[in-house]
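Right, one structure below, let's go through it.
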Amino acid sequence: METMAALAEEYPEVIFCHGTGYMKNDTNFSNYFGRIYQARYLSGIVAGMKTESNKIGYVAAMGKENSEVTGGIDAFAMGVYSVNPEAKVYVKVTNSWFAPEQENAAAEALLADGCDVIAQHCDTPNPQTAAEKAGKWGVGYNSDMSKDAENATLTSVMWDWGVYYTDAVERAIAGTWN
């Protein structure tokens, strides 16, 4: 994001948009985001309906200082509790957006603590493959993780930016982007 901000300043005739960022300027640099908490809530319903141990694990990239992650955890937990008020969501934080070994270790620790569904807000399929290896269930993120853990993945929370990208490019071509 910081690099993109610098490039926007260096190339004022080019439009830059950063997904999930917060930086912008008033001319050629913006950011965009979506309401992923809605999908997280729905995936929580799935997890809450599937758990038998009433212990659901969640591998989080960042801790309570990050509103995107905590908002996702809250929405997921609210979905779980809406169908299963006896269930509890346990969170392990990796403090990294991409940490394959830590993501795997966090999932394994949650599984060892009795969690029978593993959800995630991290980029690799490692929490899903750990769940599958343990014979448990998973809720993926960022892509359809059933390709990586076909016997474990209940659902995956995914972004589909196609509508936004089409609209943004059409506005840039038409000269109406702001």
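By order in the structure tokens, chains are A, B, ...; within a chain, residues start at 1; ligands start at 1, following the order shown.
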Open item on the list: Let's see if you can do this: from backbone DSSP, list all alpha helix (DSSP H) residues in chain A, as number ranges by chain.
Closed with: A: 2-10, 36-50, 67-83, 100-112, 126-133, 162-174
Which residues of region 52-132 of chain A have any atom within 7 Å of an atom in region 148-168 of chain A when counting only C-alpha atoms, and what is the closest pair of atoms for each, with the distance in Å to one decimal? Order the rows by chain and rising number and write it as CSV.
```
residue,atom,partner,partner_atom,distance
A:Pro125,CA,A:Asp148,CA,6.5
A:Gln128,CA,A:Ala149,CA,5.9
A:Thr129,CA,A:Ala149,CA,5.3
A:Ala131,CA,A:Ala152,CA,6.4
A:Glu132,CA,A:Ala152,CA,4.8
```
Quick one: write out the picked residues with C-alpha atoms as a short mmCIF file (atom, residue, chain, number, x, y, z; two decimals), in the first residue's frame?
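What follows is the written file selection-v9.cif:
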```cif
data_model
loop_
_atom_site.label_atom_id
_atom_site.label_comp_id
_atom_site.auth_asym_id
_atom_site.auth_seq_id
_atom_site.Cartn_x
_atom_site.Cartn_y
_atom_site.Cartn_z
CA PRO A 125 -4.93 -23.60 2.86
CA GLN A 128 -7.91 -26.60 6.04
CA THR A 129 -5.36 -29.30 5.28
CA ALA A 131 -8.36 -30.11 9.65
CA GLU A 132 -8.59 -32.70 6.90
#
```
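Taking only C-alpha atoms, the non-local environment of region 39-41 of chain A within 10 Å (same-chain residues fewer than 3 positions away omitted) comprises Arg35, Ile36, Gly44, Ile45, Val46, Ala47, Gly71, Gly72, Ile73, Asp74, Ala75, Phe76, Ala77, Met78, Gly79, Val80, Tyr81, Ser82, Ala119, Gln120, His121, Val139, Tyr141, Ser156, Val157, Met158 and Trp159 of chain A.
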Write a file of the selected residues as a CSV table (one decimal), in the first residue's frame, keeping N, CA and C atoms.
```csv
chain,number,residue,atom,x,y,z
A,35,ARG,N,-17.9,-6.0,2.2
A,35,ARG,CA,-18.5,-6.4,3.5
A,35,ARG,C,-18.3,-7.9,3.7
A,36,ILE,N,-17.1,-8.3,3.9
A,36,ILE,CA,-16.8,-9.7,4.1
A,36,ILE,C,-17.4,-10.3,5.4
A,44,GLY,N,-20.2,-18.8,9.7
A,44,GLY,CA,-20.3,-19.2,11.2
A,44,GLY,C,-21.5,-20.0,11.4
A,45,ILE,N,-22.6,-19.7,10.7
A,45,ILE,CA,-23.8,-20.6,10.8
A,45,ILE,C,-23.5,-22.0,10.4
A,46,VAL,N,-22.8,-22.2,9.3
A,46,VAL,CA,-22.4,-23.5,8.8
A,46,VAL,C,-21.6,-24.2,9.9
A,47,ALA,N,-20.6,-23.5,10.4
A,47,ALA,CA,-19.7,-24.1,11.4
A,47,ALA,C,-20.5,-24.5,12.7
A,71,GLY,N,-13.4,-7.9,13.3
A,71,GLY,CA,-14.8,-7.8,12.8
A,71,GLY,C,-15.2,-9.1,12.1
A,72,GLY,N,-14.3,-9.7,11.4
A,72,GLY,CA,-14.6,-11.1,10.8
A,72,GLY,C,-14.8,-12.1,11.9
A,73,ILE,N,-14.0,-12.1,12.9
A,73,ILE,CA,-14.1,-13.1,14.0
A,73,ILE,C,-15.5,-12.8,14.7
A,74,ASP,N,-15.8,-11.6,15.0
A,74,ASP,CA,-17.1,-11.3,15.6
A,74,ASP,C,-18.3,-11.7,14.8
A,75,ALA,N,-18.2,-11.5,13.5
A,75,ALA,CA,-19.3,-11.9,12.6
A,75,ALA,C,-19.4,-13.4,12.6
A,76,PHE,N,-18.3,-14.1,12.4
A,76,PHE,CA,-18.3,-15.5,12.4
A,76,PHE,C,-18.9,-16.1,13.7
A,77,ALA,N,-18.4,-15.6,14.8
A,77,ALA,CA,-18.9,-16.0,16.1
A,77,ALA,C,-20.4,-15.8,16.3
A,78,MET,N,-20.9,-14.6,15.8
A,78,MET,CA,-22.3,-14.3,15.9
A,78,MET,C,-23.1,-15.3,15.0
A,79,GLY,N,-22.6,-15.7,13.9
A,79,GLY,CA,-23.2,-16.7,13.1
A,79,GLY,C,-23.3,-18.1,13.8
A,80,VAL,N,-22.1,-18.4,14.4
A,80,VAL,CA,-22.1,-19.7,15.2
A,80,VAL,C,-23.2,-19.7,16.2
A,81,TYR,N,-23.2,-18.6,17.0
A,81,TYR,CA,-24.1,-18.5,18.2
A,81,TYR,C,-25.6,-18.4,17.8
A,82,SER,N,-25.8,-17.9,16.6
A,82,SER,CA,-27.2,-17.8,16.1
A,82,SER,C,-27.9,-19.2,16.0
A,119,ALA,N,-11.8,-22.6,11.2
A,119,ALA,CA,-12.1,-21.5,10.3
A,119,ALA,C,-10.8,-20.7,10.2
A,120,GLN,N,-10.7,-19.7,9.3
A,120,GLN,CA,-9.5,-19.0,9.1
A,120,GLN,C,-9.6,-17.6,8.5
A,121,HIS,N,-8.7,-16.7,8.9
A,121,HIS,CA,-8.5,-15.5,8.2
A,121,HIS,C,-7.0,-15.4,7.9
A,139,VAL,N,-13.5,-24.2,7.4
A,139,VAL,CA,-14.1,-23.1,6.7
A,139,VAL,C,-12.9,-22.3,6.1
A,141,TYR,N,-10.8,-19.5,3.3
A,141,TYR,CA,-10.8,-18.1,3.1
A,141,TYR,C,-10.0,-17.8,1.8
A,156,SER,N,-16.1,-21.9,1.9
A,156,SER,CA,-15.0,-20.9,1.9
A,156,SER,C,-15.6,-19.5,1.7
A,157,VAL,N,-15.1,-18.6,2.5
A,157,VAL,CA,-15.4,-17.2,2.4
A,157,VAL,C,-14.5,-16.6,1.3
A,158,MET,N,-15.1,-16.1,0.3
A,158,MET,CA,-14.3,-15.6,-0.9
A,158,MET,C,-14.7,-14.2,-1.4
A,159,TRP,N,-13.7,-13.5,-1.9
A,159,TRP,CA,-13.9,-12.3,-2.5
A,159,TRP,C,-14.2,-12.5,-4.0
```
Env of Ile15 (chain A): 12 Å cut, atoms = only C-alpha atoms, seq-sep filter 4 positions within chain, self excluded. Answer as number ranges by chain.
A: 4-5, 7-11, 24-31, 168-169, 171-173, 175-178
Go ahead and write the residues just picked, C-alpha atoms, as a short mmCIF file (atom, residue, chain, number, x, y, z; two decimals), in the first residue's frame.
```cif
data_model
loop_
_atom_site.label_atom_id
_atom_site.label_comp_id
_atom_site.auth_asym_id
_atom_site.auth_seq_id
_atom_site.Cartn_x
_atom_site.Cartn_y
_atom_site.Cartn_z
CA MET A 4 1.36 2.19 -4.33
CA ALA A 5 0.97 5.59 -2.64
CA LEU A 7 3.91 5.32 -7.26
CA ALA A 8 0.66 7.30 -7.46
CA GLU A 9 2.62 10.41 -6.59
CA GLU A 10 5.32 9.57 -9.14
CA TYR A 11 2.81 8.78 -11.92
CA LYS A 24 -5.63 7.38 -0.67
CA ASN A 25 -5.15 10.84 -2.15
CA ASP A 26 -7.56 13.25 -3.82
CA THR A 27 -6.43 12.68 -7.39
CA ASN A 28 -5.32 9.23 -8.57
CA PHE A 29 -5.10 6.86 -5.62
CA SER A 30 -7.98 5.21 -3.80
CA ASN A 31 -8.84 2.04 -1.92
CA ALA A 168 -13.94 1.00 -11.96
CA VAL A 169 -12.30 0.34 -15.33
CA ARG A 171 -15.38 4.76 -15.17
CA ALA A 172 -11.63 5.24 -15.77
CA ILE A 173 -12.10 4.81 -19.54
CA GLY A 175 -13.14 9.77 -17.51
CA THR A 176 -15.64 9.69 -14.63
CA TRP A 177 -13.47 7.85 -12.07
CA ASN A 178 -12.90 9.73 -8.84
#
```
message = So that I can check the surroundings of Asp113 (chain A), please list as a PyMOL selection string every protein, DNA and RNA residue that reaches within 10 Å of it, counting only C-alpha atoms and ignoring chain neighbours fewer than 2 positions away.
response = chain A and resi 55-57+90+107-111+115-116
Thr20 (chain A) proximity check over A:Val59, A:Ala106, A:Val69, A:Ala87, using only C-alpha atoms: winner is A:Val69
Distance query Thr70 (chain A) at most 10 Å, only C-alpha atoms, self and fewer than 5 positions along chain excluded, as a PyMOL selection string
chain A and resi 37+60-65+75-76+121
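Shortest atom-to-atom contact with Gly19 (chain A) among A:Tyr32, A:Asn54, A:Val89, A:Thr3: A:Tyr32, counting only C-alpha atoms.
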Would you list the contacts of Asn126 (chain A) as a PDB file with N, CA and C atoms, in the first residue's frame, taking every protein, DNA or RNA residue within 7 Å and counting only C-alpha atoms, but skipping same-chain residues closer than 4 positions in sequence?
```pdb
ATOM      1  N   PRO A 100       2.726 -19.639   6.488  1.00  0.00           N
ATOM      2  CA  PRO A 100       2.242 -21.016   6.322  1.00  0.00           C
ATOM      3  C   PRO A 100       2.518 -21.930   7.513  1.00  0.00           C
ATOM      4  N   GLU A 103       0.413 -20.810  10.529  1.00  0.00           N
ATOM      5  CA  GLU A 103      -1.003 -21.106  10.296  1.00  0.00           C
ATOM      6  C   GLU A 103      -1.276 -22.581  10.563  1.00  0.00           C
ATOM      7  N   ASN A 104      -0.385 -23.427  10.091  1.00  0.00           N
ATOM      8  CA  ASN A 104      -0.529 -24.864  10.322  1.00  0.00           C
ATOM      9  C   ASN A 104      -0.431 -25.179  11.813  1.00  0.00           C
ATOM     10  N   ALA A 130      -4.799 -29.107   7.646  1.00  0.00           N
ATOM     11  CA  ALA A 130      -4.624 -29.648   9.006  1.00  0.00           C
ATOM     12  C   ALA A 130      -5.930 -30.260   9.507  1.00  0.00           C
TER      13      ALA A 130
END
```
In Å and to one decimal, CA of Lys136 (chain A) is distant from CA of Ala99 (chain A) by 21.7 Å
Between CA of Val117 (chain A) and CA of Gly140 (chain A) lies a distance of 10.7 Å
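Of all the residues in region 44-161 of chain A, the ones DSSP labels as strand (DSSP E) from the backbone are A:Lys55, A:Ile56, A:Gly57, A:Tyr58, A:Val59, A:Ala60, A:Lys88, A:Val89, A:Tyr90, A:Val91, A:Lys92, A:Val93, A:Val117, A:Ile118, A:Ala119, A:Gln120, A:His121, A:Trp137, A:Gly138, A:Val139, A:Gly140, A:Tyr141, A:Thr153, A:Leu154, A:Thr155, A:Ser156, A:Val157.
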Could you save the residues just selected, with N, CA and C atoms, as a PDB file, in the first residue's frame?
```pdb
ATOM      1  N   LYS A  55     -16.710 -26.792  20.044  1.00  0.00           N
ATOM      2  CA  LYS A  55     -15.450 -26.054  20.084  1.00  0.00           C
ATOM      3  C   LYS A  55     -15.025 -25.814  18.633  1.00  0.00           C
ATOM      4  N   ILE A  56     -15.003 -24.543  18.257  1.00  0.00           N
ATOM      5  CA  ILE A  56     -14.660 -24.165  16.893  1.00  0.00           C
ATOM      6  C   ILE A  56     -13.400 -23.304  16.933  1.00  0.00           C
ATOM      7  N   GLY A  57     -12.420 -23.670  16.127  1.00  0.00           N
ATOM      8  CA  GLY A  57     -11.163 -22.941  16.079  1.00  0.00           C
ATOM      9  C   GLY A  57     -11.145 -21.925  14.951  1.00  0.00           C
ATOM     10  N   TYR A  58     -10.387 -20.847  15.160  1.00  0.00           N
ATOM     11  CA  TYR A  58     -10.282 -19.779  14.164  1.00  0.00           C
ATOM     12  C   TYR A  58      -8.827 -19.325  14.118  1.00  0.00           C
ATOM     13  N   VAL A  59      -8.172 -19.521  12.992  1.00  0.00           N
ATOM     14  CA  VAL A  59      -6.793 -19.084  12.801  1.00  0.00           C
ATOM     15  C   VAL A  59      -6.837 -17.670  12.228  1.00  0.00           C
ATOM     16  N   ALA A  60      -6.356 -16.709  12.998  1.00  0.00           N
ATOM     17  CA  ALA A  60      -6.430 -15.290  12.632  1.00  0.00           C
ATOM     18  C   ALA A  60      -5.053 -14.754  12.268  1.00  0.00           C
ATOM     19  N   LYS A  88     -18.440 -22.517  21.356  1.00  0.00           N
ATOM     20  CA  LYS A  88     -17.463 -21.461  21.649  1.00  0.00           C
ATOM     21  C   LYS A  88     -16.454 -21.407  20.516  1.00  0.00           C
ATOM     22  N   VAL A  89     -16.000 -20.190  20.211  1.00  0.00           N
ATOM     23  CA  VAL A  89     -14.999 -19.980  19.172  1.00  0.00           C
ATOM     24  C   VAL A  89     -13.672 -19.648  19.858  1.00  0.00           C
ATOM     25  N   TYR A  90     -12.649 -20.417  19.526  1.00  0.00           N
ATOM     26  CA  TYR A  90     -11.302 -20.238  20.080  1.00  0.00           C
ATOM     27  C   TYR A  90     -10.392 -19.701  18.973  1.00  0.00           C
ATOM     28  N   VAL A  91      -9.616 -18.674  19.290  1.00  0.00           N
ATOM     29  CA  VAL A  91      -8.810 -17.988  18.285  1.00  0.00           C
ATOM     30  C   VAL A  91      -7.326 -18.139  18.588  1.00  0.00           C
ATOM     31  N   LYS A  92      -6.560 -18.439  17.543  1.00  0.00           N
ATOM     32  CA  LYS A  92      -5.092 -18.415  17.598  1.00  0.00           C
ATOM     33  C   LYS A  92      -4.633 -17.402  16.554  1.00  0.00           C
ATOM     34  N   VAL A  93      -3.736 -16.513  16.947  1.00  0.00           N
ATOM     35  CA  VAL A  93      -3.271 -15.422  16.094  1.00  0.00           C
ATOM     36  C   VAL A  93      -1.848 -15.698  15.631  1.00  0.00           C
ATOM     37  N   VAL A 117     -14.064 -27.969  14.082  1.00  0.00           N
ATOM     38  CA  VAL A 117     -14.202 -27.140  12.886  1.00  0.00           C
ATOM     39  C   VAL A 117     -13.124 -26.064  12.990  1.00  0.00           C
ATOM     40  N   ILE A 118     -12.396 -25.849  11.893  1.00  0.00           N
ATOM     41  CA  ILE A 118     -11.335 -24.837  11.855  1.00  0.00           C
ATOM     42  C   ILE A 118     -11.673 -23.818  10.779  1.00  0.00           C
ATOM     43  N   ALA A 119     -11.845 -22.572  11.212  1.00  0.00           N
ATOM     44  CA  ALA A 119     -12.054 -21.458  10.279  1.00  0.00           C
ATOM     45  C   ALA A 119     -10.762 -20.654  10.207  1.00  0.00           C
ATOM     46  N   GLN A 120     -10.707 -19.705   9.289  1.00  0.00           N
ATOM     47  CA  GLN A 120      -9.457 -18.972   9.144  1.00  0.00           C
ATOM     48  C   GLN A 120      -9.640 -17.599   8.527  1.00  0.00           C
ATOM     49  N   HIS A 121      -8.712 -16.721   8.871  1.00  0.00           N
ATOM     50  CA  HIS A 121      -8.491 -15.455   8.181  1.00  0.00           C
ATOM     51  C   HIS A 121      -6.996 -15.384   7.939  1.00  0.00           C
ATOM     52  N   TRP A 137     -13.424 -30.692  10.231  1.00  0.00           N
ATOM     53  CA  TRP A 137     -14.031 -29.823   9.234  1.00  0.00           C
ATOM     54  C   TRP A 137     -13.336 -28.469   9.170  1.00  0.00           C
ATOM     55  N   GLY A 138     -13.550 -27.759   8.060  1.00  0.00           N
ATOM     56  CA  GLY A 138     -12.925 -26.454   7.912  1.00  0.00           C
ATOM     57  C   GLY A 138     -13.774 -25.466   7.148  1.00  0.00           C
ATOM     58  N   VAL A 139     -13.483 -24.188   7.380  1.00  0.00           N
ATOM     59  CA  VAL A 139     -14.081 -23.067   6.656  1.00  0.00           C
ATOM     60  C   VAL A 139     -12.921 -22.258   6.089  1.00  0.00           C
ATOM     61  N   GLY A 140     -12.768 -22.285   4.773  1.00  0.00           N
ATOM     62  CA  GLY A 140     -11.641 -21.629   4.126  1.00  0.00           C
ATOM     63  C   GLY A 140     -11.841 -20.136   3.922  1.00  0.00           C
ATOM     64  N   TYR A 141     -10.807 -19.518   3.343  1.00  0.00           N
ATOM     65  CA  TYR A 141     -10.820 -18.074   3.087  1.00  0.00           C
ATOM     66  C   TYR A 141     -10.019 -17.751   1.836  1.00  0.00           C
ATOM     67  N   THR A 153     -13.409 -29.248   3.817  1.00  0.00           N
ATOM     68  CA  THR A 153     -13.936 -27.900   3.628  1.00  0.00           C
ATOM     69  C   THR A 153     -15.456 -27.894   3.519  1.00  0.00           C
ATOM     70  N   LEU A 154     -16.094 -27.235   4.481  1.00  0.00           N
ATOM     71  CA  LEU A 154     -17.546 -27.077   4.464  1.00  0.00           C
ATOM     72  C   LEU A 154     -17.952 -25.973   3.494  1.00  0.00           C
ATOM     73  N   THR A 155     -17.207 -24.878   3.532  1.00  0.00           N
ATOM     74  CA  THR A 155     -17.448 -23.720   2.674  1.00  0.00           C
ATOM     75  C   THR A 155     -16.204 -22.847   2.747  1.00  0.00           C
ATOM     76  N   SER A 156     -16.126 -21.858   1.888  1.00  0.00           N
ATOM     77  CA  SER A 156     -15.020 -20.901   1.927  1.00  0.00           C
ATOM     78  C   SER A 156     -15.572 -19.500   1.745  1.00  0.00           C
ATOM     79  N   VAL A 157     -15.053 -18.581   2.523  1.00  0.00           N
ATOM     80  CA  VAL A 157     -15.400 -17.165   2.400  1.00  0.00           C
ATOM     81  C   VAL A 157     -14.486 -16.588   1.325  1.00  0.00           C
TER      82      VAL A 157
END
```
